[in-house]
>>> print(open('protein.tsv').read())   # TSV, N, CA and C atoms
chain	number	residue	atom	x	y	z
Z	25	MET	N	-1.22	18.14	-24.14
Z	25	MET	CA	-2.00	17.14	-24.83
Z	25	MET	C	-1.13	16.30	-25.77
Z	26	LEU	N	-0.19	16.97	-26.46
Z	26	LEU	CA	0.68	16.24	-27.37
Z	26	LEU	C	1.49	15.21	-26.60
Z	27	PHE	N	1.97	15.60	-25.40
Z	27	PHE	CA	2.74	14.68	-24.58
Z	27	PHE	C	1.92	13.44	-24.25
Z	28	GLU	N	0.65	13.63	-23.91
Z	28	GLU	CA	-0.21	12.49	-23.58
Z	28	GLU	C	-0.40	11.58	-24.78
Z	29	ARG	N	-0.54	12.15	-25.96
Z	29	ARG	CA	-0.69	11.33	-27.17
Z	29	ARG	C	0.58	10.54	-27.45
Z	30	ILE	N	1.71	11.17	-27.23
Z	30	ILE	CA	2.97	10.49	-27.47
Z	30	ILE	C	3.15	9.35	-26.47
Z	31	VAL	N	2.79	9.61	-25.21
Z	31	VAL	CA	2.89	8.55	-24.20
Z	31	VAL	C	1.98	7.39	-24.57
Z	32	ALA	N	0.78	7.69	-25.06
Z	32	ALA	CA	-0.14	6.63	-25.48
Z	32	ALA	C	0.47	5.82	-26.63
Z	33	ALA	N	1.11	6.53	-27.57
Z	33	ALA	CA	1.77	5.83	-28.67
Z	33	ALA	C	2.91	4.98	-28.13
Z	34	GLY	N	3.61	5.50	-27.14
Z	34	GLY	CA	4.70	4.75	-26.51
Z	34	GLY	C	4.20	3.49	-25.85
Z	35	LEU	N	3.03	3.55	-25.23
Z	35	LEU	CA	2.45	2.36	-24.61
Z	35	LEU	C	2.11	1.32	-25.67
Z	36	ALA	N	1.62	1.79	-26.81
Z	36	ALA	CA	1.32	0.86	-27.89
Z	36	ALA	C	2.60	0.20	-28.38
Z	37	VAL	N	3.65	0.99	-28.47
Z	37	VAL	CA	4.95	0.45	-28.88
Z	37	VAL	C	5.43	-0.55	-27.82
Z	38	GLY	N	5.09	-0.29	-26.57
Z	38	GLY	CA	5.51	-1.18	-25.48
Z	38	GLY	C	5.05	-2.61	-25.68
Z	39	ALA	N	3.90	-2.78	-26.30
Z	39	ALA	CA	3.41	-4.12	-26.57
Z	39	ALA	C	4.33	-4.84	-27.55
Z	40	VAL	N	4.93	-4.08	-28.44
Z	40	VAL	CA	5.83	-4.66	-29.42
Z	40	VAL	C	7.22	-4.87	-28.84
Z	41	VAL	N	7.57	-4.06	-27.85
Z	41	VAL	CA	8.92	-4.09	-27.28
Z	41	VAL	C	9.30	-5.47	-26.78
Z	42	THR	N	8.37	-6.15	-26.15
Z	42	THR	CA	8.69	-7.46	-25.61
Z	42	THR	C	9.00	-8.47	-26.71
Z	43	ALA	N	8.58	-8.17	-27.93
Z	43	ALA	CA	8.83	-9.08	-29.04
Z	43	ALA	C	10.11	-8.72	-29.81
Z	44	ILE	N	10.86	-7.72	-29.32
Z	44	ILE	CA	12.06	-7.29	-30.04
Z	44	ILE	C	13.28	-7.43	-29.13
Z	45	PRO	N	13.72	-8.65	-28.85
Z	45	PRO	CA	14.87	-8.83	-27.97
Z	45	PRO	C	16.20	-8.47	-28.62
Z	46	ALA	N	16.23	-8.24	-29.92
Z	46	ALA	CA	17.48	-7.94	-30.61
Z	46	ALA	C	18.11	-6.65	-30.11
Z	47	HIS	N	17.31	-5.72	-29.57
Z	47	HIS	CA	17.83	-4.45	-29.10
Z	47	HIS	C	18.27	-4.51	-27.64
Z	48	ALA	N	18.05	-5.64	-26.98
Z	48	ALA	CA	18.32	-5.74	-25.55
Z	48	ALA	C	19.77	-5.40	-25.19
Z	49	GLY	N	20.72	-5.69	-26.07
Z	49	GLY	CA	22.11	-5.42	-25.78
Z	49	GLY	C	22.59	-4.05	-26.21
Z	50	ASP	N	21.72	-3.25	-26.80
Z	50	ASP	CA	22.10	-1.93	-27.30
Z	50	ASP	C	22.03	-0.89	-26.20
Z	51	CYS	N	23.02	-0.87	-25.33
Z	51	CYS	CA	23.05	0.05	-24.20
Z	51	CYS	C	24.37	0.82	-24.18
Z	52	ALA	N	24.28	2.07	-23.74
Z	52	ALA	CA	25.46	2.93	-23.60
Z	52	ALA	C	25.04	4.10	-22.71
Z	53	MET	N	25.99	4.95	-22.38
Z	53	MET	CA	25.66	6.15	-21.63
Z	53	MET	C	24.68	6.99	-22.45
Z	54	ARG	N	23.73	7.63	-21.79
Z	54	ARG	CA	22.68	8.38	-22.49
Z	54	ARG	C	23.27	9.40	-23.46
Z	55	THR	N	24.32	10.09	-23.05
Z	55	THR	CA	24.91	11.11	-23.92
Z	55	THR	C	25.37	10.50	-25.25
Z	56	GLN	N	25.91	9.30	-25.20
Z	56	GLN	CA	26.37	8.63	-26.42
Z	56	GLN	C	25.19	8.21	-27.30
Z	57	VAL	N	24.14	7.67	-26.66
Z	57	VAL	CA	22.96	7.23	-27.41
Z	57	VAL	C	22.30	8.43	-28.09
Z	58	VAL	N	22.12	9.52	-27.33
Z	58	VAL	CA	21.48	10.72	-27.87
Z	58	VAL	C	22.30	11.30	-29.02
Z	59	GLU	N	23.60	11.35	-28.85
Z	59	GLU	CA	24.47	11.88	-29.91
Z	59	GLU	C	24.30	11.08	-31.20
Z	60	ARG	N	24.24	9.77	-31.07
Z	60	ARG	CA	24.09	8.92	-32.25
Z	60	ARG	C	22.72	9.11	-32.90
Z	61	LEU	N	21.67	9.21	-32.09
Z	61	LEU	CA	20.32	9.40	-32.65
Z	61	LEU	C	20.24	10.72	-33.42
Z	62	GLN	N	20.86	11.75	-32.86
Z	62	GLN	CA	20.84	13.06	-33.52
Z	62	GLN	C	21.71	13.06	-34.78
Z	63	ARG	N	22.89	12.52	-34.67
Z	63	ARG	CA	23.85	12.55	-35.78
Z	63	ARG	C	23.46	11.62	-36.92
Z	64	ASP	N	23.16	10.37	-36.60
Z	64	ASP	CA	22.94	9.36	-37.64
Z	64	ASP	C	21.51	9.31	-38.18
Z	65	TYR	N	20.53	9.74	-37.37
Z	65	TYR	CA	19.14	9.59	-37.77
Z	65	TYR	C	18.34	10.89	-37.74
Z	66	ALA	N	18.97	12.00	-37.38
Z	66	ALA	CA	18.31	13.31	-37.30
Z	66	ALA	C	17.09	13.27	-36.39
Z	67	GLU	N	17.16	12.42	-35.36
Z	67	GLU	CA	16.04	12.30	-34.43
Z	67	GLU	C	16.15	13.34	-33.33
Z	68	ARG	N	14.97	13.71	-32.80
Z	68	ARG	CA	14.91	14.63	-31.68
Z	68	ARG	C	13.92	14.07	-30.67
Z	69	LEU	N	14.05	14.51	-29.43
Z	69	LEU	CA	13.16	14.03	-28.37
Z	69	LEU	C	11.75	14.52	-28.65
Z	70	THR	N	10.80	13.59	-28.71
Z	70	THR	CA	9.41	13.96	-28.97
Z	70	THR	C	8.50	13.72	-27.78
Z	71	GLY	N	8.94	12.97	-26.80
Z	71	GLY	CA	8.12	12.73	-25.62
Z	71	GLY	C	8.73	11.68	-24.73
Z	72	GLY	N	8.11	11.48	-23.61
Z	72	GLY	CA	8.62	10.47	-22.68
Z	72	GLY	C	7.88	10.53	-21.36
Z	73	GLY	N	8.35	9.74	-20.42
Z	73	GLY	CA	7.73	9.70	-19.11
Z	73	GLY	C	8.49	8.77	-18.19
Z	74	LEU	N	8.05	8.72	-16.95
Z	74	LEU	CA	8.69	7.86	-15.95
Z	74	LEU	C	8.13	6.46	-16.02
Z	75	ASN	N	9.00	5.50	-15.86
Z	75	ASN	CA	8.62	4.09	-15.80
Z	75	ASN	C	8.98	3.61	-14.40
Z	76	ASP	N	8.00	3.21	-13.64
Z	76	ASP	CA	8.23	2.74	-12.28
Z	76	ASP	C	8.62	1.26	-12.32
Z	77	ALA	N	9.83	1.01	-12.76
Z	77	ALA	CA	10.32	-0.36	-12.87
Z	77	ALA	C	10.57	-0.95	-11.49
Z	78	GLU	N	10.52	-2.26	-11.40
Z	78	GLU	CA	10.74	-2.93	-10.12
Z	78	GLU	C	12.13	-2.63	-9.57
Z	79	ALA	N	13.10	-2.48	-10.44
Z	79	ALA	CA	14.48	-2.23	-10.02
Z	79	ALA	C	14.72	-0.76	-9.72
Z	80	GLY	N	13.73	0.09	-9.83
Z	80	GLY	CA	13.87	1.53	-9.60
Z	80	GLY	C	13.30	2.30	-10.76
Z	81	GLU	N	13.08	3.58	-10.54
Z	81	GLU	CA	12.50	4.41	-11.60
Z	81	GLU	C	13.46	4.58	-12.76
Z	82	ALA	N	12.88	4.67	-13.95
Z	82	ALA	CA	13.64	4.89	-15.16
Z	82	ALA	C	12.84	5.83	-16.05
Z	83	VAL	N	13.49	6.43	-17.01
Z	83	VAL	CA	12.83	7.34	-17.94
Z	83	VAL	C	12.73	6.67	-19.30
Z	84	ILE	N	11.53	6.71	-19.88
Z	84	ILE	CA	11.33	6.22	-21.23
Z	84	ILE	C	11.22	7.44	-22.13
Z	85	GLU	N	11.98	7.43	-23.24
Z	85	GLU	CA	11.94	8.54	-24.17
Z	85	GLU	C	11.67	8.02	-25.58
Z	86	ILE	N	10.92	8.82	-26.33
Z	86	ILE	CA	10.70	8.51	-27.74
Z	86	ILE	C	11.39	9.59	-28.55
Z	87	TRP	N	12.33	9.17	-29.37
Z	87	TRP	CA	13.06	10.06	-30.27
Z	87	TRP	C	12.56	9.78	-31.67
Z	88	ALA	N	12.32	10.83	-32.45
Z	88	ALA	CA	11.80	10.63	-33.80
Z	88	ALA	C	12.28	11.73	-34.74
Z	89	SER	N	12.22	11.42	-36.03
Z	89	SER	CA	12.62	12.38	-37.04
Z	89	SER	C	11.53	12.51	-38.09
Z	90	PRO	N	10.91	13.70	-38.18
Z	90	PRO	CA	9.94	13.90	-39.25
Z	90	PRO	C	10.60	13.88	-40.63
Z	91	GLU	N	11.90	14.19	-40.68
Z	91	GLU	CA	12.62	14.20	-41.96
Z	91	GLU	C	12.86	12.79	-42.49
Z	92	THR	N	13.33	11.89	-41.64
Z	92	THR	CA	13.67	10.54	-42.09
Z	92	THR	C	12.55	9.53	-41.82
Z	93	GLY	N	11.64	9.87	-40.90
Z	93	GLY	CA	10.57	8.95	-40.54
Z	93	GLY	C	10.98	7.88	-39.53
Z	94	SER	N	12.23	7.91	-39.08
Z	94	SER	CA	12.67	6.90	-38.12
Z	94	SER	C	12.27	7.31	-36.70
Z	95	PHE	N	12.16	6.31	-35.80
Z	95	PHE	CA	11.94	6.59	-34.39
Z	95	PHE	C	12.63	5.53	-33.54
Z	96	THR	N	12.95	5.93	-32.32
Z	96	THR	CA	13.65	5.06	-31.38
Z	96	THR	C	13.04	5.26	-30.00
Z	97	VAL	N	12.84	4.16	-29.28
Z	97	VAL	CA	12.37	4.21	-27.89
Z	97	VAL	C	13.53	3.77	-27.02
Z	98	ILE	N	13.90	4.64	-26.05
Z	98	ILE	CA	15.01	4.29	-25.15
Z	98	ILE	C	14.54	4.33	-23.71
Z	99	LEU	N	15.21	3.56	-22.88
Z	99	LEU	CA	14.97	3.51	-21.44
Z	99	LEU	C	16.26	3.88	-20.75
Z	100	THR	N	16.22	4.90	-19.89
Z	100	THR	CA	17.41	5.35	-19.19
Z	100	THR	C	17.23	5.16	-17.69
Z	101	GLY	N	18.19	4.46	-17.08
Z	101	GLY	CA	18.15	4.23	-15.65
Z	101	GLY	C	18.81	5.37	-14.88
Z	102	ALA	N	18.72	5.30	-13.57
Z	102	ALA	CA	19.30	6.32	-12.70
Z	102	ALA	C	20.81	6.40	-12.85
Z	103	ASP	N	21.43	5.34	-13.34
Z	103	ASP	CA	22.88	5.33	-13.54
Z	103	ASP	C	23.31	6.04	-14.82
Z	104	GLY	N	22.35	6.53	-15.60
Z	104	GLY	CA	22.67	7.25	-16.83
Z	104	GLY	C	22.85	6.36	-18.05
Z	105	VAL	N	22.66	5.06	-17.89
Z	105	VAL	CA	22.79	4.12	-19.01
Z	105	VAL	C	21.44	4.03	-19.71
Z	106	SER	N	21.47	4.21	-21.03
Z	106	SER	CA	20.26	4.12	-21.87
Z	106	SER	C	20.33	2.85	-22.70
Z	107	CYS	N	19.19	2.19	-22.82
Z	107	CYS	CA	19.09	1.00	-23.66
Z	107	CYS	C	18.00	1.24	-24.70
Z	108	ILE	N	18.28	0.81	-25.91
Z	108	ILE	CA	17.30	0.93	-26.99
Z	108	ILE	C	16.30	-0.21	-26.85
Z	109	LEU	N	15.03	0.17	-26.72
Z	109	LEU	CA	13.98	-0.82	-26.58
Z	109	LEU	C	13.35	-1.19	-27.91
Z	110	ALA	N	13.23	-0.21	-28.80
Z	110	ALA	CA	12.60	-0.46	-30.09
Z	110	ALA	C	13.01	0.63	-31.07
Z	111	THR	N	13.00	0.27	-32.34
Z	111	THR	CA	13.25	1.23	-33.41
Z	111	THR	C	12.22	0.98	-34.50
Z	112	GLY	N	12.00	1.98	-35.34
Z	112	GLY	CA	11.04	1.77	-36.41
Z	112	GLY	C	11.15	2.84	-37.48
Z	113	THR	N	10.26	2.72	-38.45
Z	113	THR	CA	10.21	3.66	-39.57
Z	113	THR	C	8.80	4.18	-39.72
Z	114	ASP	N	8.64	5.14	-40.60
Z	114	ASP	CA	7.34	5.71	-40.93
Z	114	ASP	C	6.67	6.37	-39.71
Z	115	TRP	N	7.45	7.11	-38.93
Z	115	TRP	CA	6.93	7.82	-37.76
Z	115	TRP	C	5.89	8.84	-38.19
Z	116	PHE	N	4.83	8.95	-37.39
Z	116	PHE	CA	3.82	9.99	-37.62
Z	116	PHE	C	3.29	10.46	-36.28
Z	117	GLU	N	2.76	11.65	-36.26
Z	117	GLU	CA	2.12	12.20	-35.07
Z	117	GLU	C	0.65	12.40	-35.39
Z	118	THR	N	-0.19	12.19	-34.39
Z	118	THR	CA	-1.62	12.38	-34.59
Z	118	THR	C	-2.06	13.68	-33.94
Z	119	ARG	N	-3.16	14.17	-34.37
Z	119	ARG	CA	-3.74	15.38	-33.80
Z	119	ARG	C	-5.05	15.06	-33.08
Z	120	ASP	N	-5.36	13.76	-32.93
Z	120	ASP	CA	-6.58	13.36	-32.24
Z	120	ASP	C	-6.52	13.77	-30.78
Z	121	VAL	N	-7.64	14.11	-30.24
Z	121	VAL	CA	-7.73	14.49	-28.83
Z	121	VAL	C	-8.09	13.25	-28.04
Z	122	MET	N	-7.25	12.93	-27.07
Z	122	MET	CA	-7.51	11.79	-26.20
Z	122	MET	C	-8.28	12.27	-24.98
Z	123	PRO	N	-9.24	11.48	-24.50
Z	123	PRO	CA	-9.94	11.86	-23.27
Z	123	PRO	C	-9.00	11.78	-22.08
Z	124	GLU	N	-9.20	12.64	-21.10
Z	124	GLU	CA	-8.38	12.60	-19.91
Z	124	GLU	C	-8.80	11.42	-19.05
Z	125	PRO	N	-7.85	10.75	-18.39
Z	125	PRO	CA	-8.19	9.62	-17.51
Z	125	PRO	C	-9.09	10.10	-16.37
Z	126	ALA	N	-9.98	9.22	-15.94
Z	126	ALA	CA	-10.89	9.54	-14.84
Z	126	ALA	C	-10.09	9.83	-13.57
Z	127	GLY	N	-10.51	10.81	-12.82
Z	127	GLY	CA	-9.86	11.12	-11.55
Z	127	GLY	C	-8.75	12.15	-11.65
Z	128	ILE	N	-8.44	12.61	-12.86
Z	128	ILE	CA	-7.39	13.62	-13.04
Z	128	ILE	C	-8.04	14.88	-13.59
Z	129	GLU	N	-7.89	15.95	-12.84
Z	129	GLU	CA	-8.48	17.20	-13.28
Z	129	GLU	C	-7.61	17.85	-14.34
Z	130	GLY	N	-8.23	18.47	-15.35
Z	130	GLY	CA	-7.52	19.09	-16.45
Z	130	GLY	C	-6.99	20.40	-16.06
>>> encode(input="protein.tsv", output="structure tokens")
Amino acid sequence: MLFERIVAAGLAVGAVVTAIPAHAGDCAMRTQVVERLQRDYAERLTGGGLNDAEAGEAVIEIWASPETGSFTVILTGADGVSCILATGTDWFETRDVMPEPAGIEG
């Protein structure tokens, strides 16, 4: 359930992503991006999912730090290159229960 809530939050962030082109050039190998998020921002992986992009499948991940309140959304392609889509502050997690989508059994 927590994963579903995080994905929903990620979708909300997705609406903002198109308005943040400044991060478009922030790409590197995933290992380098993850190392920096952990070292510089104390962020950890909090959720993610597959993005069926036209150019091929990619993974979207949300990294966040309850200690610093920062969060980062990254997109990683099959080639292992991750790009930062969005960053922010004042990260929070909700405990609300989301209804399951129609047609999917629990």
>>> closest_residue(input="protein.tsv", among="Z:Leu74, Z:Leu99, Z:Val83, Z:Cys107", to="Asp50 (chain Z)", atoms="all atoms listed in the file")
Z:Cys107
>>> residues_around(input="protein.tsv", residues="Thr96 (chain Z)", least_positions_apart="6", cutoff="6 Å", atoms="only C-alpha atoms", output="ChimeraX atom specification")
/Z:86-87,110-111
>>> atom_distance(input="protein.tsv", atom1="atom C of Ser94 (chain Z)", atom2="atom N of Gly112 (chain Z)")
5.5 Å
>>> closest_residue(input="protein.tsv", among="Z:Val105, Z:Thr113, Z:Thr118, Z:Phe95", to="Ala52 (chain Z)", atoms="only C-alpha atoms")
Z:Val105
>>> closest_residue(input="protein.tsv", among="Z:Cys51, Z:Ala102, Z:Arg60, Z:Leu109", to="Glu81 (chain Z)", atoms="only N, CA and C atoms")
Z:Ala102
>>> select_by_dssp(input="protein.tsv", residues="region 46-98 of chain Z", states="strand (DSSP E or B)", output="NGL selection string")
:Z and (51-53 or 68-77 or 80-88 or 95-98)
>>> atom_distance(input="protein.tsv", atom1="atom C of Leu69 (chain Z)", atom2="CA of Val97 (chain Z)")
10.4 Å
>>> closest_residue(input="protein.tsv", among="Z:Thr55, Z:Ser106, Z:Ser89, Z:Thr100", to="Thr70 (chain Z)", atoms="only C-alpha atoms")
Z:Ser89
>>> closest_residue(input="protein.tsv", among="Z:Thr92, Z:Ile98, Z:Met53, Z:Asp103", to="Gly72 (chain Z)", atoms="only C-alpha atoms")
Z:Ile98
>>> atom_distance(input="protein.tsv", atom1="atom C of Ala66 (chain Z)", atom2="CA of Arg119 (chain Z)")
21.1 Å
>>> select_by_dssp(input="protein.tsv", residues="region 55-117 of chain Z", states="alpha helix (DSSP H)", output="PyMOL selection string")
chain Z and resi 55-65
>>> closest_residue(input="protein.tsv", among="Z:Gly101, Z:Ile108, Z:Ala82, Z:Glu91", to="Val58 (chain Z)", atoms="only C-alpha atoms")
Z:Ile108
